[in-house]
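Reviewing the structure listed below.
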Amino acid sequence: MSIRLYGSPFSTSTARVLAAISEIGLEVELVHVDLYSGEHKHDSHVEKNPFGQVPVLEDDEFVVFESRVITRYLVRKYGKKSGLLKEDNPRDAAAVDQWMEVETQHFNKPVATLVYQHLFRPHFDGVAADEKVVAEEVEKLEKVLDVYEGKLSKTKFLAGDSYSLADVHHVPYGHYLVTRTPHASLIDSRPHVKAWWDAVYSRPASKTATETLVMTP
Amino acid sequence: MVLKLYGSPVSTCTGRVVAVIEEIGLEYELVPVDLTTGEHKRPPHIERNPFGQIPALADGDLVLFESRVITRYLVRKYGKGSHLLKEHTPEEAAAVDQWIEVEVQHFNGPISTLVYQHLFLPVFYGGKTDEKVVAVEVEKLGKVLDVYEAKLSKSKFLAGDYYSLADLHHLTYGHYLLTTTPHASLFHSRPHVKAWWESIASRPASKKVTAALSFTS
């Protein structure tokens, strides 16, 4: 059995898969794709991911891209006992699906934009955050986190009272939001969101995954 | 127990769910939600979908939102024989997941913006198409469809040689792009994409959905 994860150290999508891998306790070979030199756009990588992105997973002959697809695949194949997906019945499976979809459709974009404005743009382009964009995205994220506050006042985690992939998927961008932008208060000011985030972030797997989110100068 | 689908027959996201319902052959009731009066942002709808969007599904006491979560749920619960999801092995499941995720991450953004610019903005909001935005999104969608063209030259449908949810999820926005915007050539100029589209759109279930997707101006 040979599992290879092609990814990059500061990539949130790679970290998303690493968080799932750590939760399951899987051995995986990490192969560094050098985004700085554009390696992800070279033919050898584009053959694996036609959109020229990281991460990509190779499990023997099987190749799959999109981090949120890789996490699901790994849980189904190697992590059934982890409880991260609840696919024994359609109802429980749908609860996890729903909050994975919410992360994709509602949480990801405003958080990714804020992290881009406050971290990636200054780091890579030497340009300061556009305050107008920041204000718009903060407003959007406030509304999303209000919904999370409502949900998390009813259940301990997003899909119910046990930890699931829906929670895992928030780890990398959540980490960047609270540690590398001035907007940690969006989480801290909402008691149930804060309690949830503390529970998610303090898990050993979350620490392992976010330790890789370093930017070389 | 009849399924209740809260939404609108002209809505792309509602239509996505109706396509699955028709493919499986389920009994359902479409309960209209009037977007023009803001019904989707108030109780009782906001209790079904805290993001104030359509559709939402009620199956007995289970309420779900996010169209792509509802489609999966319906296939798992009622449509195992439809083969719209292939959940026998993690690899087959991942193949479908991968192209479901591609639709969300790469196709949906540009195509929904184009349909908004050419259809919803002028028809609902009395606004004017922004040609600069259109040009940017046409270029993005072109690149995405180049990836599709390559994939569909290797398999009949996106996840393999069988119709799956990954293909179905493209139906409603694809229909609007081809019938209400000047960009049908994005599909028609790519022979494998064109053939794939024709296979999808000619299915009886697809025809029922697209017949309802129209605006009388």
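For the structure tokens, the naming scheme is as follows: chains receive sequential letters (A, B, ...) according to their order of presentation, residues are indexed from 1 within each chain, and ligands are indexed from 1 in presentation order.
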At most 7 Å to chain A: residues in chain B, only C-alpha atoms, as number ranges by chain = B: 50, 66, 69, 73, 76-77, 90, 94, 97-98, 147
For the selection you just gave me, I'd like the residues written to a file as a PDB file, in the first residue's frame, keeping C-alpha atoms.
ATOM      1  CA  PRO B  50     -30.944  29.559   8.112  1.00  0.00           C
ATOM      2  CA  GLU B  66     -28.273  23.062   0.069  1.00  0.00           C
ATOM      3  CA  VAL B  69     -26.895  17.833  -0.163  1.00  0.00           C
ATOM      4  CA  TYR B  73     -29.696  12.348   0.323  1.00  0.00           C
ATOM      5  CA  ARG B  76     -28.991   7.370  -1.013  1.00  0.00           C
ATOM      6  CA  LYS B  77     -32.410   7.042   0.564  1.00  0.00           C
ATOM      7  CA  PRO B  90     -14.435   4.343  -2.086  1.00  0.00           C
ATOM      8  CA  ALA B  94     -14.583   9.473  -5.116  1.00  0.00           C
ATOM      9  CA  ASP B  97     -17.476  13.214  -5.720  1.00  0.00           C
ATOM     10  CA  GLN B  98     -14.556  14.666  -7.656  1.00  0.00           C
ATOM     11  CA  VAL B 147     -10.625  20.617 -18.895  1.00  0.00           C
TER      12      VAL B 147
END
Compile the contact shell of B:Glu27 as number ranges by chain: residues with an atom at most 8 Å away, counting only C-alpha atoms, same-chain residues fewer than 6 positions apart removed.
-> B: 2-3, 21
Can you list, as a compact mmCIF listing (two decimals) with all heavy atoms, in the first residue's frame, every residue of chain B that DSSP puts in strand (DSSP E or B)?
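Written file, states30.txt:
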# COMPACT_ATOMS: atom_id res chain seq x y z
N LEU B 3 -42.76 13.95 -0.09
CA LEU B 3 -41.66 14.90 0.04
C LEU B 3 -42.16 16.31 -0.25
O LEU B 3 -42.93 16.51 -1.18
CB LEU B 3 -40.57 14.58 -0.99
CG LEU B 3 -39.79 13.28 -0.83
CD1 LEU B 3 -38.92 13.07 -2.05
CD2 LEU B 3 -38.95 13.31 0.44
N LYS B 4 -41.69 17.27 0.54
CA LYS B 4 -42.04 18.66 0.25
C LYS B 4 -40.76 19.40 -0.14
O LYS B 4 -39.80 19.41 0.64
CB LYS B 4 -42.64 19.33 1.50
CG LYS B 4 -44.06 18.91 1.80
CD LYS B 4 -44.72 19.96 2.70
CE LYS B 4 -46.22 19.80 2.79
NZ LYS B 4 -46.67 19.05 3.96
N LEU B 5 -40.78 19.97 -1.31
CA LEU B 5 -39.63 20.74 -1.79
C LEU B 5 -40.03 22.20 -1.82
O LEU B 5 -40.94 22.60 -2.57
CB LEU B 5 -39.22 20.27 -3.19
CG LEU B 5 -38.03 20.97 -3.81
CD1 LEU B 5 -36.75 20.73 -3.00
CD2 LEU B 5 -37.82 20.50 -5.25
N TYR B 6 -39.39 23.00 -0.99
CA TYR B 6 -39.69 24.43 -0.89
C TYR B 6 -38.77 25.16 -1.86
O TYR B 6 -37.55 25.14 -1.69
CB TYR B 6 -39.46 24.92 0.54
CG TYR B 6 -40.37 24.25 1.54
CD1 TYR B 6 -40.01 23.04 2.12
CD2 TYR B 6 -41.59 24.82 1.89
CE1 TYR B 6 -40.87 22.40 3.02
CE2 TYR B 6 -42.44 24.19 2.80
CZ TYR B 6 -42.07 22.98 3.35
OH TYR B 6 -42.91 22.35 4.24
N GLY B 7 -39.35 25.80 -2.87
CA GLY B 7 -38.49 26.50 -3.82
C GLY B 7 -39.28 27.13 -4.93
O GLY B 7 -40.43 27.53 -4.72
N TYR B 28 -43.66 14.08 -5.06
CA TYR B 28 -43.27 15.24 -4.26
C TYR B 28 -44.24 16.38 -4.47
O TYR B 28 -45.02 16.39 -5.44
CB TYR B 28 -41.84 15.68 -4.61
CG TYR B 28 -41.74 16.49 -5.89
CD1 TYR B 28 -41.39 17.85 -5.86
CD2 TYR B 28 -41.96 15.90 -7.15
CE1 TYR B 28 -41.27 18.59 -7.04
CE2 TYR B 28 -41.85 16.64 -8.32
CZ TYR B 28 -41.50 17.98 -8.26
OH TYR B 28 -41.39 18.71 -9.42
N GLU B 29 -44.17 17.34 -3.56
CA GLU B 29 -44.99 18.54 -3.67
C GLU B 29 -44.03 19.73 -3.73
O GLU B 29 -43.17 19.87 -2.86
CB GLU B 29 -45.87 18.64 -2.41
CG GLU B 29 -46.88 19.76 -2.43
CD GLU B 29 -47.51 19.96 -1.05
OE1 GLU B 29 -47.54 19.00 -0.24
OE2 GLU B 29 -47.95 21.10 -0.78
N LEU B 30 -44.15 20.54 -4.76
CA LEU B 30 -43.32 21.76 -4.83
C LEU B 30 -44.09 22.88 -4.13
O LEU B 30 -45.15 23.30 -4.59
CB LEU B 30 -43.02 22.13 -6.29
CG LEU B 30 -42.17 23.40 -6.46
CD1 LEU B 30 -40.77 23.20 -5.89
CD2 LEU B 30 -42.06 23.77 -7.94
N VAL B 31 -43.56 23.34 -3.01
CA VAL B 31 -44.21 24.42 -2.25
C VAL B 31 -43.53 25.72 -2.64
O VAL B 31 -42.35 25.92 -2.35
CB VAL B 31 -44.08 24.18 -0.74
CG1 VAL B 31 -44.77 25.29 0.04
CG2 VAL B 31 -44.62 22.80 -0.35
N PRO B 32 -44.24 26.62 -3.33
CA PRO B 32 -43.58 27.84 -3.80
C PRO B 32 -43.15 28.74 -2.65
O PRO B 32 -43.86 28.89 -1.65
CB PRO B 32 -44.66 28.53 -4.65
CG PRO B 32 -45.80 27.59 -4.76
CD PRO B 32 -45.68 26.57 -3.69
N ALA B 56 -35.29 24.07 0.12
CA ALA B 56 -35.19 23.25 1.32
C ALA B 56 -36.10 22.05 1.08
O ALA B 56 -37.05 22.13 0.32
CB ALA B 56 -35.65 24.02 2.55
N LEU B 57 -35.74 20.93 1.72
CA LEU B 57 -36.54 19.72 1.56
C LEU B 57 -37.04 19.27 2.92
O LEU B 57 -36.27 19.26 3.88
CB LEU B 57 -35.70 18.59 0.96
CG LEU B 57 -36.47 17.28 0.71
CD1 LEU B 57 -37.02 17.26 -0.71
CD2 LEU B 57 -35.62 16.05 0.94
N ALA B 58 -38.30 18.88 3.00
CA ALA B 58 -38.82 18.25 4.21
C ALA B 58 -39.22 16.82 3.85
O ALA B 58 -40.03 16.61 2.95
CB ALA B 58 -40.02 19.03 4.75
N ASP B 59 -38.59 15.86 4.52
CA ASP B 59 -38.95 14.45 4.37
C ASP B 59 -39.39 13.98 5.74
O ASP B 59 -38.57 13.60 6.58
CB ASP B 59 -37.74 13.63 3.87
CG ASP B 59 -38.11 12.18 3.59
OD1 ASP B 59 -39.31 11.83 3.76
OD2 ASP B 59 -37.21 11.40 3.22
N LEU B 62 -37.45 15.37 8.84
CA LEU B 62 -36.09 15.75 8.46
C LEU B 62 -36.16 16.93 7.51
O LEU B 62 -36.88 16.89 6.51
CB LEU B 62 -35.39 14.58 7.76
CG LEU B 62 -33.99 14.88 7.19
CD1 LEU B 62 -33.00 15.19 8.31
CD2 LEU B 62 -33.48 13.71 6.35
N VAL B 63 -35.45 17.99 7.84
CA VAL B 63 -35.39 19.16 6.96
C VAL B 63 -33.94 19.35 6.52
O VAL B 63 -33.03 19.34 7.35
CB VAL B 63 -35.88 20.43 7.68
CG1 VAL B 63 -35.83 21.63 6.73
CG2 VAL B 63 -37.30 20.23 8.18
N LEU B 64 -33.73 19.52 5.23
CA LEU B 64 -32.39 19.71 4.69
C LEU B 64 -32.36 20.92 3.80
O LEU B 64 -33.36 21.25 3.14
CB LEU B 64 -31.97 18.50 3.84
CG LEU B 64 -31.70 17.19 4.56
CD1 LEU B 64 -31.48 16.09 3.54
CD2 LEU B 64 -30.49 17.31 5.47
N PHE B 65 -31.21 21.59 3.73
CA PHE B 65 -31.00 22.65 2.75
C PHE B 65 -29.69 22.41 2.02
O PHE B 65 -28.94 21.50 2.39
CB PHE B 65 -31.05 24.04 3.41
CG PHE B 65 -30.02 24.26 4.49
CD1 PHE B 65 -28.78 24.82 4.20
CD2 PHE B 65 -30.30 23.94 5.82
CE1 PHE B 65 -27.83 25.04 5.20
CE2 PHE B 65 -29.37 24.15 6.81
CZ PHE B 65 -28.13 24.70 6.51
Any idea what's packed within 9 Å of A:Pro204, counting only C-alpha atoms, ignoring anything in its chain fewer than 5 positions away? Could you give it as a PyMOL selection string?
-> chain A and resi 22-23+209
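Relative to atom CA of B:Val123, atom CA of B:Glu137 is found at 19.8 Å.
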Considering only C-alpha atoms, return as a PDB file with N, CA and C atoms, in the first residue's frame whatever protein or nucleic-acid residues lie within 9 Å of stretch 10-19 of chain A, sequence-local ones (same chain, fewer than 5 positions apart) excluded.
ATOM      1  N   LEU A   5       0.670  12.071  -0.920  1.00  0.00           N
ATOM      2  CA  LEU A   5      -0.080  13.320  -0.970  1.00  0.00           C
ATOM      3  C   LEU A   5       0.829  14.390  -1.543  1.00  0.00           C
ATOM      4  N   ILE A  24      -7.427  10.102  11.263  1.00  0.00           N
ATOM      5  CA  ILE A  24      -7.541   8.664  11.015  1.00  0.00           C
ATOM      6  C   ILE A  24      -6.297   7.917  11.527  1.00  0.00           C
ATOM      7  N   VAL A  54      -3.011  22.105  -5.920  1.00  0.00           N
ATOM      8  CA  VAL A  54      -2.720  21.104  -4.886  1.00  0.00           C
ATOM      9  C   VAL A  54      -3.895  21.094  -3.922  1.00  0.00           C
ATOM     10  N   PRO A  55      -4.116  19.975  -3.226  1.00  0.00           N
ATOM     11  CA  PRO A  55      -3.337  18.744  -3.256  1.00  0.00           C
ATOM     12  C   PRO A  55      -3.864  17.725  -4.261  1.00  0.00           C
ATOM     13  N   VAL A  56      -3.080  16.671  -4.438  1.00  0.00           N
ATOM     14  CA  VAL A  56      -3.509  15.498  -5.197  1.00  0.00           C
ATOM     15  C   VAL A  56      -3.134  14.290  -4.357  1.00  0.00           C
ATOM     16  N   GLU A  66      -8.982  17.639  -5.435  1.00  0.00           N
ATOM     17  CA  GLU A  66      -9.988  18.380  -4.628  1.00  0.00           C
ATOM     18  C   GLU A  66      -9.901  17.876  -3.176  1.00  0.00           C
ATOM     19  N   SER A  67      -9.458  18.764  -2.281  1.00  0.00           N
ATOM     20  CA  SER A  67      -9.177  18.345  -0.903  1.00  0.00           C
ATOM     21  C   SER A  67     -10.395  17.717  -0.243  1.00  0.00           C
ATOM     22  N   ARG A  68     -11.588  18.280  -0.501  1.00  0.00           N
ATOM     23  CA  ARG A  68     -12.786  17.812   0.215  1.00  0.00           C
ATOM     24  C   ARG A  68     -13.287  16.480  -0.346  1.00  0.00           C
ATOM     25  N   ILE A  70     -10.782  14.208  -1.365  1.00  0.00           N
ATOM     26  CA  ILE A  70      -9.738  13.343  -0.810  1.00  0.00           C
ATOM     27  C   ILE A  70     -10.062  12.967   0.630  1.00  0.00           C
ATOM     28  N   THR A  71     -10.504  13.949   1.418  1.00  0.00           N
ATOM     29  CA  THR A  71     -10.815  13.648   2.821  1.00  0.00           C
ATOM     30  C   THR A  71     -11.911  12.582   2.911  1.00  0.00           C
ATOM     31  N   LEU A  74     -10.539   9.127   1.942  1.00  0.00           N
ATOM     32  CA  LEU A  74      -9.672   8.525   2.966  1.00  0.00           C
ATOM     33  C   LEU A  74     -10.484   8.016   4.151  1.00  0.00           C
ATOM     34  N   VAL A 168     -13.751  19.274  10.589  1.00  0.00           N
ATOM     35  CA  VAL A 168     -12.358  19.178  10.112  1.00  0.00           C
ATOM     36  C   VAL A 168     -12.080  20.178   8.987  1.00  0.00           C
ATOM     37  N   HIS A 169     -13.032  20.296   8.057  1.00  0.00           N
ATOM     38  CA  HIS A 169     -12.793  21.121   6.867  1.00  0.00           C
ATOM     39  C   HIS A 169     -12.560  22.592   7.186  1.00  0.00           C
ATOM     40  N   HIS A 170     -12.955  23.019   8.388  1.00  0.00           N
ATOM     41  CA  HIS A 170     -12.774  24.425   8.776  1.00  0.00           C
ATOM     42  C   HIS A 170     -11.396  24.718   9.357  1.00  0.00           C
ATOM     43  N   VAL A 171     -10.630  23.676   9.650  1.00  0.00           N
ATOM     44  CA  VAL A 171      -9.384  23.862  10.415  1.00  0.00           C
ATOM     45  C   VAL A 171      -8.380  24.827   9.762  1.00  0.00           C
ATOM     46  N   PRO A 172      -8.012  24.622   8.486  1.00  0.00           N
ATOM     47  CA  PRO A 172      -6.923  25.456   7.957  1.00  0.00           C
ATOM     48  C   PRO A 172      -7.269  26.943   7.847  1.00  0.00           C
ATOM     49  N   TYR A 173      -8.434  27.247   7.250  1.00  0.00           N
ATOM     50  CA  TYR A 173      -8.775  28.667   7.129  1.00  0.00           C
ATOM     51  C   TYR A 173      -9.150  29.272   8.470  1.00  0.00           C
ATOM     52  N   TYR A 176      -5.817  30.309   9.966  1.00  0.00           N
ATOM     53  CA  TYR A 176      -5.277  31.543   9.385  1.00  0.00           C
ATOM     54  C   TYR A 176      -6.100  32.746   9.822  1.00  0.00           C
ATOM     55  N   ALA A 205      -4.827  16.333  15.910  1.00  0.00           N
ATOM     56  CA  ALA A 205      -4.795  16.314  14.441  1.00  0.00           C
ATOM     57  C   ALA A 205      -4.829  17.730  13.868  1.00  0.00           C
ATOM     58  N   SER A 206      -5.572  18.615  14.521  1.00  0.00           N
ATOM     59  CA  SER A 206      -5.650  20.003  14.043  1.00  0.00           C
ATOM     60  C   SER A 206      -4.301  20.684  14.230  1.00  0.00           C
ATOM     61  N   LYS A 207      -3.658  20.379  15.359  1.00  0.00           N
ATOM     62  CA  LYS A 207      -2.336  20.977  15.597  1.00  0.00           C
ATOM     63  C   LYS A 207      -1.327  20.478  14.560  1.00  0.00           C
ATOM     64  N   THR A 208      -1.356  19.163  14.315  1.00  0.00           N
ATOM     65  CA  THR A 208      -0.444  18.594  13.302  1.00  0.00           C
ATOM     66  C   THR A 208      -0.643  19.265  11.956  1.00  0.00           C
ATOM     67  N   ALA A 209      -1.891  19.424  11.549  1.00  0.00           N
ATOM     68  CA  ALA A 209      -2.185  19.997  10.233  1.00  0.00           C
ATOM     69  C   ALA A 209      -1.769  21.456  10.157  1.00  0.00           C
ATOM     70  N   THR A 210      -2.037  22.230  11.210  1.00  0.00           N
ATOM     71  CA  THR A 210      -1.780  23.668  11.122  1.00  0.00           C
ATOM     72  C   THR A 210      -0.308  24.005  11.352  1.00  0.00           C
ATOM     73  N   GLU A 211       0.443  23.079  11.935  1.00  0.00           N
ATOM     74  CA  GLU A 211       1.897  23.290  12.048  1.00  0.00           C
ATOM     75  C   GLU A 211       2.548  23.412  10.678  1.00  0.00           C
ATOM     76  N   THR A 212       1.902  22.845   9.657  1.00  0.00           N
ATOM     77  CA  THR A 212       2.478  22.894   8.312  1.00  0.00           C
ATOM     78  C   THR A 212       2.171  24.215   7.607  1.00  0.00           C
ATOM     79  N   LEU A 213       1.285  25.010   8.207  1.00  0.00           N
ATOM     80  CA  LEU A 213       0.872  26.251   7.530  1.00  0.00           C
ATOM     81  C   LEU A 213       1.858  27.361   7.852  1.00  0.00           C
ATOM     82  N   VAL A 214       3.058  27.203   7.297  1.00  0.00           N
ATOM     83  CA  VAL A 214       4.073  28.235   7.508  1.00  0.00           C
ATOM     84  C   VAL A 214       4.435  28.836   6.162  1.00  0.00           C
ATOM     85  N   MET A 215       4.724  30.097   6.188  1.00  0.00           N
ATOM     86  CA  MET A 215       5.098  30.790   4.965  1.00  0.00           C
ATOM     87  C   MET A 215       6.595  31.039   4.996  1.00  0.00           C
ATOM     88  N   THR A 216       7.311  30.524   4.018  1.00  0.00           N
ATOM     89  CA  THR A 216       8.739  30.856   3.947  1.00  0.00           C
ATOM     90  C   THR A 216       8.860  32.290   3.436  1.00  0.00           C
TER      91      THR A 216
END
Skipping near chain neighbours, those fewer than 3 positions away, what residues fall within 9 Å of A:His118 using only C-alpha atoms, listed as a ChimeraX atom specification?
-> /A:113-115,121-123,128-130,134,180-182
Quick one: write out the picked residues with N, CA, C and O atoms as a short mmCIF file (atom, residue, chain, number, x, y, z; two decimals), in the first residue's frame?
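Result file follows (part.cif):
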data_model
loop_
_atom_site.label_atom_id
_atom_site.label_comp_id
_atom_site.auth_asym_id
_atom_site.auth_seq_id
_atom_site.Cartn_x
_atom_site.Cartn_y
_atom_site.Cartn_z
N THR A 113 -10.99 35.13 1.36
CA THR A 113 -10.74 36.49 0.88
C THR A 113 -10.04 37.32 1.95
O THR A 113 -9.10 38.06 1.67
N LEU A 114 -10.49 37.20 3.20
CA LEU A 114 -9.86 37.96 4.28
C LEU A 114 -8.42 37.52 4.48
O LEU A 114 -7.52 38.34 4.67
N VAL A 115 -8.18 36.20 4.41
CA VAL A 115 -6.81 35.69 4.57
C VAL A 115 -5.94 36.15 3.41
O VAL A 115 -4.78 36.52 3.58
N ARG A 121 -1.65 38.47 0.07
CA ARG A 121 -1.41 39.62 -0.81
C ARG A 121 -0.22 40.45 -0.33
O ARG A 121 0.68 40.76 -1.11
N PRO A 122 -0.14 40.81 0.96
CA PRO A 122 1.05 41.52 1.43
C PRO A 122 2.32 40.67 1.26
O PRO A 122 3.35 41.16 0.84
N HIS A 123 2.19 39.36 1.58
CA HIS A 123 3.37 38.49 1.54
C HIS A 123 3.91 38.32 0.12
O HIS A 123 5.12 38.39 -0.10
N ALA A 128 -0.82 46.18 0.52
CA ALA A 128 -1.63 46.15 1.76
C ALA A 128 -3.07 45.74 1.46
O ALA A 128 -3.53 45.82 0.32
N ALA A 129 -3.77 45.33 2.51
CA ALA A 129 -5.17 44.90 2.39
C ALA A 129 -6.03 46.04 1.84
O ALA A 129 -5.85 47.20 2.19
N ASP A 130 -6.98 45.67 0.98
CA ASP A 130 -7.97 46.64 0.48
C ASP A 130 -9.09 46.72 1.52
O ASP A 130 -9.89 45.80 1.66
N VAL A 134 -12.18 44.19 2.63
CA VAL A 134 -12.17 43.61 3.98
C VAL A 134 -13.51 43.87 4.67
O VAL A 134 -14.11 42.95 5.25
N ARG A 180 -3.59 35.04 11.70
CA ARG A 180 -2.90 35.91 10.73
C ARG A 180 -3.76 37.04 10.19
O ARG A 180 -3.39 37.70 9.21
N THR A 181 -4.97 37.24 10.75
CA THR A 181 -5.78 38.40 10.38
C THR A 181 -6.23 39.08 11.68
O THR A 181 -6.17 38.47 12.75
N PRO A 182 -6.67 40.33 11.59
CA PRO A 182 -7.17 41.03 12.80
C PRO A 182 -8.61 40.66 13.17
O PRO A 182 -9.24 41.39 13.94
#
